[in-house]
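Data block below; observations after.
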Amino acid sequence: MALDDIREPTPEELENGPKPRGDVGAWLYVLGGIPIMILFFMVLFGIVNSCDTQNVMIHG
């Protein structure tokens, strides 16, 4: 890509700021991935805590 191919933003674009491009993967990660990771760690720590209260050793 040559430097001549880069287009200059118009004054309207500069005033309004950047707009999201609608990247589906990013939205799925934020709306789905982060809550799933939180749920995963809550379940994991819950299992570890329940094993700890019963004195069951979890081998690493």
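Labels used: A, B, ... for chains in the order of the structure tokens, numbers from 1 for residues in each chain, and numbers from 1 for ligands as shown.
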DSSP-assigned alpha helix (DSSP H) members of chain A, reported as a ChimeraX atom specification:
/A:11-16,24-28,34-53
Selection from above, C-alpha atoms, as a PDB file, in the first residue's frame, can you write it?
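Output saved as part23.pdb:
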```
ATOM      1  CA  PRO A  11     -13.396  17.592   8.864  1.00  0.00           C
ATOM      2  CA  GLU A  12     -16.707  15.863   9.730  1.00  0.00           C
ATOM      3  CA  GLU A  13     -14.884  12.609  10.464  1.00  0.00           C
ATOM      4  CA  LEU A  14     -12.323  14.442  12.587  1.00  0.00           C
ATOM      5  CA  GLU A  15     -15.065  16.191  14.560  1.00  0.00           C
ATOM      6  CA  ASN A  16     -17.181  13.067  15.151  1.00  0.00           C
ATOM      7  CA  VAL A  24     -18.519  -9.385  15.145  1.00  0.00           C
ATOM      8  CA  GLY A  25     -15.676 -11.318  16.741  1.00  0.00           C
ATOM      9  CA  ALA A  26     -14.881  -8.488  19.139  1.00  0.00           C
ATOM     10  CA  TRP A  27     -18.529  -8.110  20.166  1.00  0.00           C
ATOM     11  CA  LEU A  28     -18.896 -11.871  20.699  1.00  0.00           C
ATOM     12  CA  ILE A  34     -15.795 -12.536  29.314  1.00  0.00           C
ATOM     13  CA  PRO A  35     -18.934 -13.724  31.169  1.00  0.00           C
ATOM     14  CA  ILE A  36     -18.096 -17.328  30.239  1.00  0.00           C
ATOM     15  CA  MET A  37     -14.573 -16.893  31.635  1.00  0.00           C
ATOM     16  CA  ILE A  38     -16.007 -15.453  34.863  1.00  0.00           C
ATOM     17  CA  LEU A  39     -18.414 -18.389  35.133  1.00  0.00           C
ATOM     18  CA  PHE A  40     -15.584 -20.860  34.452  1.00  0.00           C
ATOM     19  CA  PHE A  41     -13.412 -19.442  37.229  1.00  0.00           C
ATOM     20  CA  MET A  42     -16.318 -19.300  39.682  1.00  0.00           C
ATOM     21  CA  VAL A  43     -17.064 -22.986  39.041  1.00  0.00           C
ATOM     22  CA  LEU A  44     -13.380 -23.893  39.207  1.00  0.00           C
ATOM     23  CA  PHE A  45     -12.826 -22.104  42.505  1.00  0.00           C
ATOM     24  CA  GLY A  46     -16.075 -23.564  43.845  1.00  0.00           C
ATOM     25  CA  ILE A  47     -14.863 -27.087  43.069  1.00  0.00           C
ATOM     26  CA  VAL A  48     -11.482 -26.387  44.636  1.00  0.00           C
ATOM     27  CA  ASN A  49     -13.159 -24.940  47.737  1.00  0.00           C
ATOM     28  CA  SER A  50     -15.513 -27.910  48.093  1.00  0.00           C
ATOM     29  CA  CYS A  51     -12.600 -30.335  47.774  1.00  0.00           C
ATOM     30  CA  ASP A  52     -10.658 -28.304  50.330  1.00  0.00           C
ATOM     31  CA  THR A  53     -13.490 -28.427  52.872  1.00  0.00           C
TER      32      THR A  53
END
```
